[in-house]
Amino acid sequence: MEEGFQRFDPGTSLLARAEFERTLLARFGGKVLVAGIEAPSRACNTVALIVPGLKAQKAFIAFDMAGIDIGVGSACSSGLFQPSKVLMGMGHTEEHARCMLRLSFGPLSPREELISAQTKCLDVLARLLA
């Protein structure tokens, strides 16, 4: 294997995503939903977070100011602030789809980086939900 090259391990991403989702749900309870959390198959490095009542544009700015890049709406129309047709196809309302934040992390992100990002995300969400 070439020096400096690391092999992608989806298991590591799955564990990091699960830990992040558990922490979000434990801290914010019914104030946040994780879209597709019960789905048998979904992207191992992406969290689709629904925060009812919180407009994605406001969250986008708050996360950006904290140094965290997030996506809103569908990945296919990122930056357009339109409700995700995929979420609505999954049975979510248009209102929920307008409140969806998409957080992704790299498959080779060091654990320390993931923990730092998680802490920042929790702080931003706490301010937004206060």
# chains A, B, ... in the order shown; residues from 1 in each chain; ligands from 1

call {"tool": "closest_atom_pairs", "arguments": {"of": "range 30-50 of chain A", "to": "range 56-73 of chain A", "cutoff": "10 Å", "atoms": "only C-alpha atoms", "output": "JSON lines"}}
result
{"residue": "A:Ala48", "atom": "CA", "partner": "A:Val72", "partner_atom": "CA", "distance": 9.0}
{"residue": "A:Leu49", "atom": "CA", "partner": "A:Val72", "partner_atom": "CA", "distance": 9.6}
{"residue": "A:Ile50", "atom": "CA", "partner": "A:Ala56", "partner_atom": "CA", "distance": 9.2}

call {"tool": "write_last_selection", "arguments": {"atoms": "C-alpha atoms", "output": "PDB file, in the first residue's frame"}}
result
ATOM      1  CA  ALA A  48     -29.977  13.939   7.961  1.00  0.00           C
ATOM      2  CA  LEU A  49     -31.128  15.902  10.975  1.00  0.00           C
ATOM      3  CA  ILE A  50     -34.617  17.395  11.131  1.00  0.00           C
TER       4      ILE A  50
END

call {"tool": "closest_atom_pairs", "arguments": {"of": "range 37-56 of chain A", "to": "range 8-12 of chain A", "cutoff": "10 Å", "atoms": "only C-alpha atoms", "output": "Markdown table"}}
result
| residue | atom | partner | partner_atom | distance |
| --- | --- | --- | --- | --- |
| A:Ala43 | CA | A:Pro10 | CA | 9.5 |
| A:Cys44 | CA | A:Pro10 | CA | 6.5 |
| A:Asn45 | CA | A:Pro10 | CA | 8.2 |

call {"tool": "select_by_dssp", "arguments": {"residues": "range 88-128 of chain A", "states": "alpha helix (DSSP H)", "output": "PyMOL selection string"}}
result
chain A and resi 88-89+94-98+111-128

call {"tool": "atom_distance", "arguments": {"atom1": "CA of Ala35 in chain A", "atom2": "CA of Leu108 in chain A"}}
result
23.7 Å

call {"tool": "closest_residue", "arguments": {"among": "A:Arg127, A:Arg27, A:Lys55, A:Arg22", "to": "Ala97 in chain A", "atoms": "only C-alpha atoms"}}
result
A:Lys55

call {"tool": "closest_residue", "arguments": {"among": "A:Leu54, A:Ala39, A:Leu15, A:Val47", "to": "His96 in chain A", "atoms": "only C-alpha atoms"}}
result
A:Leu54

call {"tool": "residues_around", "arguments": {"residues": "Pro52 in chain A", "least_positions_apart": "4", "cutoff": "8 Å", "atoms": "only C-alpha atoms", "output": "list of chain:residue names"}}
result
A:Lys31, A:Val32, A:Glu95, A:His96, A:Cys99

call {"tool": "atom_distance", "arguments": {"atom1": "CA of Val34 in chain A", "atom2": "CA of Ala117 in chain A"}}
result
17.4 Å

call {"tool": "select_by_dssp", "arguments": {"residues": "range 2-124 of chain A", "states": "strand (DSSP E or B)", "output": "list of chain:residue names"}}
result
A:Leu33, A:Val34, A:Thr46, A:Val47, A:Ala48, A:Leu49, A:Ile50, A:Gly71, A:Val72, A:Met100, A:Leu101, A:Arg102, A:Leu103, A:Ser104
